[in-house]
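The structure file upload.tsv is reproduced below (TSV, C-alpha atoms).
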```tsv
chain	number	residue	atom	x	y	z
A	30	MET	CA	20.79	-4.71	30.25
A	31	LEU	CA	24.36	-3.58	29.62
A	32	GLU	CA	25.61	-5.68	32.52
A	33	ARG	CA	24.44	-8.90	30.89
A	34	ILE	CA	25.76	-8.30	27.34
A	35	SER	CA	28.67	-10.59	26.50
A	36	LYS	CA	30.40	-12.13	23.51
A	37	ASP	CA	27.65	-14.78	23.46
A	38	THR	CA	24.78	-12.27	23.30
A	39	ARG	CA	22.90	-12.58	20.01
A	40	LEU	CA	22.28	-9.36	18.08
A	41	CYS	CA	19.10	-8.55	16.14
A	42	ILE	CA	18.65	-5.28	14.25
A	43	SER	CA	16.19	-3.27	12.23
A	44	MET	CA	16.95	-1.39	9.01
A	45	SER	CA	14.86	1.61	8.09
A	46	GLY	CA	15.08	4.92	6.29
A	47	ARG	CA	13.61	6.55	9.40
A	48	PRO	CA	14.43	4.40	12.44
A	49	SER	CA	12.44	4.71	15.65
A	50	ASN	CA	12.87	3.27	19.12
A	51	ILE	CA	9.57	1.37	19.01
A	52	GLY	CA	10.92	-1.94	17.71
A	53	THR	CA	14.07	-1.61	19.79
A	54	ARG	CA	12.11	-1.16	23.02
A	55	PHE	CA	9.57	-3.87	22.07
A	56	HIS	CA	12.15	-6.59	21.43
A	57	ASN	CA	14.49	-5.67	24.28
A	58	TYR	CA	11.56	-5.63	26.72
A	59	LEU	CA	10.66	-9.20	25.79
A	60	TYR	CA	14.28	-10.38	25.84
A	61	GLU	CA	14.54	-9.03	29.38
A	62	GLU	CA	11.21	-10.43	30.56
A	63	LEU	CA	11.85	-13.89	29.09
A	64	GLY	CA	15.51	-14.05	30.15
A	65	LEU	CA	16.86	-14.38	26.61
A	66	ASP	CA	20.49	-13.51	25.81
A	67	PHE	CA	19.61	-11.20	22.91
A	68	VAL	CA	19.88	-7.47	22.24
A	69	TYR	CA	18.17	-5.36	19.57
A	70	LYS	CA	19.43	-2.20	17.82
A	71	ALA	CA	17.96	0.02	15.09
A	72	PHE	CA	19.99	1.28	12.11
A	73	ALA	CA	19.54	3.57	9.09
A	74	PRO	CA	21.75	1.94	6.44
A	75	VAL	CA	23.54	4.20	3.98
A	76	ASN	CA	24.20	1.19	1.73
A	77	ILE	CA	21.72	-1.69	1.92
A	78	GLU	CA	24.00	-4.15	0.11
A	79	ASP	CA	26.76	-3.59	2.66
A	80	ALA	CA	24.24	-3.78	5.51
A	81	VAL	CA	22.91	-7.18	4.42
A	82	ALA	CA	26.47	-8.43	3.89
A	83	GLY	CA	27.13	-7.35	7.48
A	84	ILE	CA	24.24	-9.49	8.74
A	85	ARG	CA	25.86	-12.52	7.16
A	86	GLY	CA	29.47	-11.62	7.94
A	87	LEU	CA	28.92	-10.64	11.58
A	88	GLY	CA	26.53	-13.44	12.43
A	89	ILE	CA	23.67	-11.07	13.25
A	90	ARG	CA	20.71	-13.32	14.06
A	91	GLY	CA	17.89	-11.34	12.49
A	92	ALA	CA	16.86	-8.06	10.91
A	93	GLY	CA	13.61	-6.22	10.54
A	94	VAL	CA	13.35	-4.46	7.17
A	95	SER	CA	11.29	-1.29	6.75
A	96	MET	CA	10.75	1.32	4.02
A	97	PRO	CA	12.52	1.89	1.69
A	98	PHE	CA	14.42	-1.43	1.74
A	99	LYS	CA	11.68	-4.08	1.57
A	100	GLU	CA	12.19	-4.79	-2.12
A	101	ALA	CA	15.86	-3.83	-2.36
A	102	VAL	CA	16.89	-6.76	-0.16
A	103	LEU	CA	15.21	-9.39	-2.37
A	104	PRO	CA	18.32	-10.22	-4.46
A	105	LEU	CA	20.55	-10.11	-1.36
A	106	VAL	CA	19.04	-13.02	0.60
A	107	ASP	CA	19.36	-16.77	0.06
A	108	VAL	CA	15.91	-18.25	0.77
A	109	LEU	CA	12.57	-16.55	0.07
A	110	HIS	CA	9.80	-18.07	2.15
A	111	ASP	CA	6.21	-18.12	0.90
A	112	SER	CA	5.12	-14.90	2.61
A	113	ALA	CA	7.96	-12.91	0.98
A	114	ARG	CA	8.00	-14.72	-2.37
A	115	ALA	CA	4.29	-14.29	-2.98
A	116	ILE	CA	4.40	-10.52	-2.67
A	117	GLU	CA	8.07	-9.92	-3.59
A	118	SER	CA	8.65	-7.90	-0.45
A	119	VAL	CA	10.68	-8.64	2.68
A	120	ASN	CA	10.28	-7.29	6.20
A	121	THR	CA	12.18	-9.96	8.16
A	122	ILE	CA	15.55	-11.62	7.61
A	123	VAL	CA	16.67	-14.58	9.75
A	124	ASN	CA	20.31	-15.68	9.64
A	125	ASP	CA	20.74	-19.45	10.09
A	126	ASP	CA	24.50	-20.09	10.13
A	127	GLY	CA	25.15	-17.71	7.25
A	128	VAL	CA	22.05	-18.60	5.23
A	129	LEU	CA	19.68	-15.62	5.05
A	130	HIS	CA	15.99	-16.53	5.12
A	131	ALA	CA	13.43	-13.86	4.14
A	132	TYR	CA	9.83	-13.54	5.37
A	133	ASN	CA	7.05	-10.95	5.41
A	134	THR	CA	5.24	-10.74	8.76
A	135	ASP	CA	3.46	-7.53	7.68
A	136	TYR	CA	1.19	-9.70	5.52
A	137	GLN	CA	0.08	-11.88	8.43
A	138	ALA	CA	-0.37	-8.89	10.75
A	139	VAL	CA	-2.62	-7.07	8.27
A	140	SER	CA	-4.64	-10.23	7.63
A	141	ASP	CA	-5.14	-10.86	11.35
A	142	LEU	CA	-6.22	-7.27	12.02
A	143	LEU	CA	-8.85	-7.30	9.27
A	144	VAL	CA	-10.41	-10.32	10.97
A	145	GLU	CA	-10.00	-8.95	14.50
A	146	HIS	CA	-11.75	-5.69	13.60
A	147	GLY	CA	-14.51	-7.48	11.69
A	148	VAL	CA	-14.08	-5.43	8.51
A	149	ASP	CA	-16.75	-6.42	5.96
A	150	SER	CA	-15.07	-8.01	2.93
A	151	ALA	CA	-17.96	-6.81	0.74
A	152	LEU	CA	-16.69	-3.25	1.08
A	153	PRO	CA	-14.86	-1.70	-1.85
A	154	VAL	CA	-11.26	-1.11	-0.81
A	155	THR	CA	-8.83	1.65	-1.78
A	156	VAL	CA	-5.13	0.94	-1.21
A	157	VAL	CA	-2.92	4.02	-1.42
A	158	GLY	CA	0.59	3.19	-2.59
A	159	SER	CA	2.32	0.48	-4.62
A	160	GLY	CA	5.52	-0.29	-2.70
A	161	GLY	CA	6.48	-3.16	-0.44
A	162	MET	CA	3.88	-2.47	2.25
A	163	ALA	CA	1.15	-2.01	-0.36
A	164	LYS	CA	1.99	-5.47	-1.72
A	165	ALA	CA	1.58	-7.02	1.73
A	166	VAL	CA	-1.70	-5.14	2.30
A	167	THR	CA	-3.18	-6.05	-1.09
A	168	ALA	CA	-2.28	-9.73	-0.76
A	169	ALA	CA	-3.82	-9.84	2.72
A	170	LEU	CA	-6.98	-8.14	1.48
A	171	ARG	CA	-7.48	-10.67	-1.31
A	172	HIS	CA	-6.71	-13.53	1.11
A	173	ASN	CA	-9.54	-12.20	3.30
A	174	GLY	CA	-12.05	-12.02	0.45
A	175	PHE	CA	-11.90	-8.34	-0.58
A	176	THR	CA	-12.50	-8.65	-4.33
A	177	ASP	CA	-13.58	-5.08	-5.19
A	178	GLY	CA	-10.41	-3.03	-4.95
A	179	THR	CA	-8.50	-0.09	-6.38
A	180	ILE	CA	-4.81	0.71	-6.13
A	181	VAL	CA	-4.31	4.48	-6.06
A	182	ALA	CA	-0.70	5.24	-6.94
A	183	ARG	CA	1.00	7.96	-8.95
A	184	ASN	CA	3.56	5.46	-10.23
A	185	GLU	CA	1.78	3.55	-12.99
A	186	ASP	CA	4.78	1.24	-13.53
A	187	THR	CA	4.30	-0.26	-10.07
A	188	GLY	CA	0.64	0.52	-9.42
A	189	ARG	CA	-0.91	-1.08	-12.50
A	190	PRO	CA	0.95	-4.44	-12.22
A	191	LEU	CA	0.09	-4.67	-8.50
A	192	ALA	CA	-3.59	-4.05	-9.27
A	193	ARG	CA	-3.59	-6.53	-12.15
A	194	LYS	CA	-1.96	-9.28	-10.05
A	195	TYR	CA	-4.83	-9.24	-7.55
A	196	GLY	CA	-7.70	-8.42	-9.89
A	197	TYR	CA	-8.00	-4.79	-8.76
A	198	GLU	CA	-8.18	-1.55	-10.71
A	199	TRP	CA	-5.38	1.00	-10.89
A	200	ARG	CA	-5.97	4.75	-10.71
A	201	ALA	CA	-3.59	7.66	-10.45
A	202	ASP	CA	-6.13	9.50	-8.25
A	203	THR	CA	-9.49	8.93	-6.57
A	204	SER	CA	-11.69	10.03	-9.48
A	205	ASP	CA	-14.62	7.60	-9.85
A	206	VAL	CA	-13.41	5.49	-6.91
A	207	ALA	CA	-15.75	4.38	-4.08
A	208	PRO	CA	-13.93	4.81	-0.75
A	209	GLY	CA	-15.28	1.97	1.44
A	210	LEU	CA	-12.23	0.67	3.30
A	211	ILE	CA	-9.24	2.99	2.86
A	212	VAL	CA	-5.74	1.66	3.53
A	213	ASN	CA	-2.77	4.03	3.53
A	214	ALA	CA	0.34	2.02	2.60
A	215	THR	CA	2.59	5.03	1.95
A	216	PRO	CA	4.87	7.07	4.27
A	217	ILE	CA	2.42	9.98	4.15
A	218	GLY	CA	1.74	11.00	7.73
A	219	MET	CA	4.97	9.55	9.10
A	220	ALA	CA	6.78	11.65	11.69
A	221	GLY	CA	9.98	13.23	10.48
A	222	GLY	CA	9.04	13.56	6.83
A	223	ALA	CA	7.97	16.56	4.78
A	224	GLU	CA	4.60	14.85	4.30
A	225	SER	CA	4.00	14.40	8.04
A	226	VAL	CA	1.06	16.83	8.19
A	227	ASP	CA	-0.73	15.63	5.06
A	228	LEU	CA	-3.52	13.17	4.31
A	229	PRO	CA	-2.81	10.63	1.56
A	230	LEU	CA	-6.20	11.31	-0.07
A	231	PRO	CA	-8.63	14.24	-0.43
A	232	HIS	CA	-10.52	15.12	2.75
A	233	ASP	CA	-13.97	14.56	1.24
A	234	PHE	CA	-12.95	11.11	0.00
A	235	VAL	CA	-11.70	10.06	3.43
A	236	ALA	CA	-14.79	11.49	5.11
A	237	ALA	CA	-16.96	9.13	3.04
A	238	ALA	CA	-15.03	6.01	4.11
A	239	SER	CA	-16.52	3.16	6.15
A	240	THR	CA	-13.19	2.21	7.78
A	241	VAL	CA	-9.71	3.75	7.69
A	242	PHE	CA	-6.56	1.64	8.06
A	243	ASP	CA	-3.26	3.52	8.29
A	244	VAL	CA	-0.15	1.31	8.35
A	245	VAL	CA	2.09	4.23	9.41
A	246	ALA	CA	3.20	3.45	12.97
A	247	VAL	CA	5.02	6.65	13.96
A	248	PRO	CA	3.15	8.53	15.23
A	249	PRO	CA	0.23	6.23	16.14
A	250	ASP	CA	-2.18	9.15	15.72
A	251	THR	CA	-1.29	10.16	12.16
A	252	PRO	CA	-3.17	12.99	10.45
A	253	LEU	CA	-5.26	10.34	8.67
A	254	VAL	CA	-6.13	8.54	11.92
A	255	ARG	CA	-7.00	11.81	13.65
A	256	PHE	CA	-9.18	12.93	10.73
A	257	ALA	CA	-11.04	9.59	10.70
A	258	ARG	CA	-11.68	9.70	14.44
A	259	GLU	CA	-12.90	13.28	14.23
A	260	HIS	CA	-15.45	12.03	11.67
A	261	ASP	CA	-16.41	8.96	13.77
A	262	ILE	CA	-14.93	6.55	11.22
A	263	PRO	CA	-13.61	3.24	12.66
A	264	VAL	CA	-9.82	2.99	12.42
A	265	ILE	CA	-7.08	0.37	12.41
A	266	THR	CA	-3.69	1.84	13.26
A	267	GLY	CA	-0.10	1.20	12.32
A	268	ASP	CA	0.54	0.82	16.04
A	269	GLU	CA	-1.48	-2.40	15.91
A	270	VAL	CA	0.36	-3.60	12.80
A	271	ILE	CA	3.81	-3.02	14.22
A	272	ALA	CA	3.02	-4.88	17.47
A	273	LEU	CA	1.67	-7.96	15.69
A	274	GLN	CA	4.37	-8.15	13.06
A	275	ALA	CA	7.07	-7.59	15.70
A	276	ALA	CA	5.71	-10.49	17.77
A	277	LEU	CA	5.92	-12.74	14.72
A	278	GLN	CA	9.49	-11.54	14.08
A	279	PHE	CA	10.38	-12.16	17.71
A	280	GLU	CA	9.30	-15.78	17.36
A	281	LEU	CA	11.32	-16.23	14.16
A	282	TYR	CA	14.46	-14.79	15.80
A	283	THR	CA	14.24	-16.59	19.13
A	284	GLY	CA	12.02	-19.64	18.66
A	285	VAL	CA	9.95	-18.38	21.61
A	286	THR	CA	6.26	-17.44	21.23
A	287	PRO	CA	5.28	-14.57	23.55
A	288	THR	CA	1.78	-14.57	25.00
A	289	ARG	CA	-0.78	-11.96	23.96
A	290	GLU	CA	-0.38	-10.35	27.37
A	291	GLN	CA	3.40	-10.17	26.97
A	292	VAL	CA	2.98	-8.63	23.51
A	293	ARG	CA	0.53	-6.10	24.95
A	294	ARG	CA	2.93	-5.11	27.71
A	295	ALA	CA	5.87	-4.89	25.31
A	296	SER	CA	3.83	-2.73	22.94
A	297	GLU	CA	2.78	-0.38	25.76
A	298	TYR	CA	6.38	-0.16	26.95
A	299	SER	CA	7.62	0.61	23.45
A	300	ARG	CA	5.28	3.62	23.35
A	301	SER	CA	5.90	4.85	26.90
```
Would you mind giving the structure from this file in structure tokens?
Amino acid sequence: MLERISKDTRLCISMSGRPSNIGTRFHNYLYEELGLDFVYKAFAPVNIEDAVAGIRGLGIRGAGVSMPFKEAVLPLVDVLHDSARAIESVNTIVNDDGVLHAYNTDYQAVSDLLVEHGVDSALPVTVVGSGGMAKAVTAALRHNGFTDGTIVARNEDTGRPLARKYGYEWRADTSDVAPGLIVNATPIGMAGGAESVDLPLPHDFVAAASTVFDVVAVPPDTPLVRFAREHDIPVITGDEVIALQAALQFELYTGVTPTREQVRRASEYSRS
């Protein structure tokens, strides 16, 4: 790859509090396979305002946005597209000649996975968290007909408004909540954090679930996913989310739509 990088090579990046090589390997694999003059690099910004200014000033083509920056970038972009405006959360920035367009491909990925896995929309749903990813998850759930929902979040200032917006209940804990479909939209279980060995909810609550959906992608077998599998509970993993949303980002950056087989190979390579 280094031999083909030139002054004309287009740069795409990701910005995350805890960067991984997954997105980097996914995008660079597809650039190589499809013969595109792009390169992808992950960053952990120390100042998000300066980082977004750098996207504009350096002509960086696109940027993936992960926790904890999905809401912080909202006032820093120029155009909010429907997917980002509706949930006030950004996971993708596309730079068109200095104009920064913002999208949220997490929303579409979650929506597609609910359909693909055939999750029954009649189930009560518990969403853990109230940040940017929780907004994408909750919007996708309502879009797919899940009307009986609870947002479980310690932060009432963000949890209650999110629940109210989509007709759900807010709770600070799982007291008097029916588990049904559980979606973890927090960093709990993410590799590298102090919470990496924890479950986001009490063990007995998770054990009573019908389906568990963990949006944490690193590692793919989080403590929550492992616990669910040990109890024979169907799971949807963050690994699936990151592959789908990355494919949508790839198309926004390059204008090229990879095939499902190409996405599968890129995803496998990113984990190898």
In Å, rounded to a single decimal, give me how far CA of Asn213 (chain A) is from CA of Arg258 (chain A).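 Computing the Euclidean distance for CA of Arg258 (chain A) and CA of Asn213 (chain A) yields 15.2 Å.
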Would you write out, as CSV, a table of all residues in region 201-270 of chain A that have an atom no more than 10 Å from an atom of region 154-175 of chain A, listing for each the closest atom pair and the distance in Å to one decimal, considering all atoms listed in the file and ordering rows by chain and rising residue number?
```
residue,atom,partner,partner_atom,distance
A:Ala201,CA,A:Val157,CA,9.8
A:Asp202,CA,A:Val157,CA,9.3
A:Thr203,CA,A:Thr155,CA,8.7
A:Val206,CA,A:Thr155,CA,7.9
A:Ala207,CA,A:Thr155,CA,7.8
A:Pro208,CA,A:Thr155,CA,6.1
A:Gly209,CA,A:Val154,CA,5.5
A:Leu210,CA,A:Val154,CA,4.6
A:Ile211,CA,A:Thr155,CA,4.8
A:Val212,CA,A:Val156,CA,4.8
A:Asn213,CA,A:Val157,CA,5.0
A:Ala214,CA,A:Ala163,CA,5.1
A:Thr215,CA,A:Gly158,CA,5.3
A:Pro216,CA,A:Gly158,CA,9.0
A:Ile217,CA,A:Gly158,CA,9.7
A:Pro229,CA,A:Val157,CA,7.3
A:Leu230,CA,A:Val157,CA,8.1
A:Ala238,CA,A:Val154,CA,9.4
A:Ser239,CA,A:Val154,CA,9.7
A:Thr240,CA,A:Val154,CA,9.4
A:Val241,CA,A:Thr155,CA,9.7
A:Phe242,CA,A:Val156,CA,9.4
A:Asp243,CA,A:Val157,CA,9.7
A:Val244,CA,A:Met162,CA,8.2
A:Val245,CA,A:Met162,CA,10.0
```
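When all atoms listed in the file are used to compute distances to Ala295 (chain A), the closest of the residues A:Ser204, A:Asn120, A:Ser95, A:Asn57 turns out to be A:Asn57.
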Counting all atoms listed in the file, which residue out of A:His260, A:Gly147, A:Lys70, A:Leu142 sits closest to Asn50 (chain A)? A:Lys70
Shell of 10 Å around region 101-106 of chain A, only C-alpha atoms, local chain residues under 3 positions omitted, as an mmCIF file with C-alpha atoms, in the coordinates of the input:
```cif
data_model
loop_
_atom_site.group_PDB
_atom_site.id
_atom_site.type_symbol
_atom_site.label_atom_id
_atom_site.label_comp_id
_atom_site.auth_asym_id
_atom_site.auth_seq_id
_atom_site.Cartn_x
_atom_site.Cartn_y
_atom_site.Cartn_z
ATOM 1 C CA ILE A 77 21.720 -1.690 1.920
ATOM 2 C CA GLU A 78 24.000 -4.150 0.110
ATOM 3 C CA ASP A 79 26.760 -3.590 2.660
ATOM 4 C CA ALA A 80 24.240 -3.780 5.510
ATOM 5 C CA VAL A 81 22.910 -7.180 4.420
ATOM 6 C CA ALA A 82 26.470 -8.430 3.890
ATOM 7 C CA ARG A 85 25.860 -12.520 7.160
ATOM 8 C CA VAL A 94 13.350 -4.460 7.170
ATOM 9 C CA MET A 96 10.750 1.320 4.020
ATOM 10 C CA PRO A 97 12.520 1.890 1.690
ATOM 11 C CA PHE A 98 14.420 -1.430 1.740
ATOM 12 C CA LEU A 109 12.570 -16.550 0.070
ATOM 13 C CA ALA A 113 7.960 -12.910 0.980
ATOM 14 C CA ARG A 114 8.000 -14.720 -2.370
ATOM 15 C CA GLU A 117 8.070 -9.920 -3.590
ATOM 16 C CA SER A 118 8.650 -7.900 -0.450
ATOM 17 C CA VAL A 119 10.680 -8.640 2.680
ATOM 18 C CA ASN A 120 10.280 -7.290 6.200
ATOM 19 C CA ILE A 122 15.550 -11.620 7.610
ATOM 20 C CA VAL A 123 16.670 -14.580 9.750
ATOM 21 C CA ASN A 124 20.310 -15.680 9.640
ATOM 22 C CA VAL A 128 22.050 -18.600 5.230
ATOM 23 C CA LEU A 129 19.680 -15.620 5.050
ATOM 24 C CA HIS A 130 15.990 -16.530 5.120
ATOM 25 C CA ALA A 131 13.430 -13.860 4.140
ATOM 26 C CA GLY A 161 6.480 -3.160 -0.440
#
```
Here CA of Pro249 (chain A) and CA of Thr266 (chain A) stand apart by 6.6 Å
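Taking CA of Ser301 (chain A) as the reference point, CA of Phe55 (chain A) is found at 10.6 Å.
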Using only C-alpha atoms, pick whichever of A:Val235, A:Val75, A:Ala272, A:Leu281 has the shortest atom-to-atom distance to Glu297 (chain A). A:Ala272
Counting only C-alpha atoms, select every polymer residue within 12 Å of (27.1, -14.3, 22.3) as defined in the file's coordinates, and provide the selection as a short mmCIF file (atom, residue, chain, number, x, y, z; two decimals) with C-alpha atoms, in the coordinates of the input.
```cif
data_model
loop_
_atom_site.label_atom_id
_atom_site.label_comp_id
_atom_site.auth_asym_id
_atom_site.auth_seq_id
_atom_site.Cartn_x
_atom_site.Cartn_y
_atom_site.Cartn_z
CA ARG A 33 24.44 -8.90 30.89
CA ILE A 34 25.76 -8.30 27.34
CA SER A 35 28.67 -10.59 26.50
CA LYS A 36 30.40 -12.13 23.51
CA ASP A 37 27.65 -14.78 23.46
CA THR A 38 24.78 -12.27 23.30
CA ARG A 39 22.90 -12.58 20.01
CA LEU A 40 22.28 -9.36 18.08
CA CYS A 41 19.10 -8.55 16.14
CA LEU A 65 16.86 -14.38 26.61
CA ASP A 66 20.49 -13.51 25.81
CA PHE A 67 19.61 -11.20 22.91
CA VAL A 68 19.88 -7.47 22.24
CA LEU A 87 28.92 -10.64 11.58
CA GLY A 88 26.53 -13.44 12.43
CA ILE A 89 23.67 -11.07 13.25
CA ARG A 90 20.71 -13.32 14.06
#
```
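The nearest approach to Gly86 (chain A) among the residues A:Glu280, A:Asp125, A:Glu185, A:Asp111, with only C-alpha atoms taken into account, belongs to A:Asp125.
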Could you check the closest approach to Val144 (chain A) for each of A:Ile265, A:Ala73, A:Phe279, A:Ser299 and tell me which residue wins, using all atoms listed in the file?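 The answer is A:Ile265, which sits nearest to Val144 (chain A).
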Set the distance at 12 Å and use only C-alpha atoms: which residues neighbour Thr286 (chain A) once local chain neighbours fewer than 3 positions away are removed? I'd like the list as an MDAnalysis selection string. chainID A and resid 59:60 63 273 275:283 289:292
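For the set A:Gly267, A:Gly46, A:Gly196, A:Gly284, the residue with the smallest atom-to-atom gap to Ala138 (chain A) is A:Gly267, counting only C-alpha atoms.
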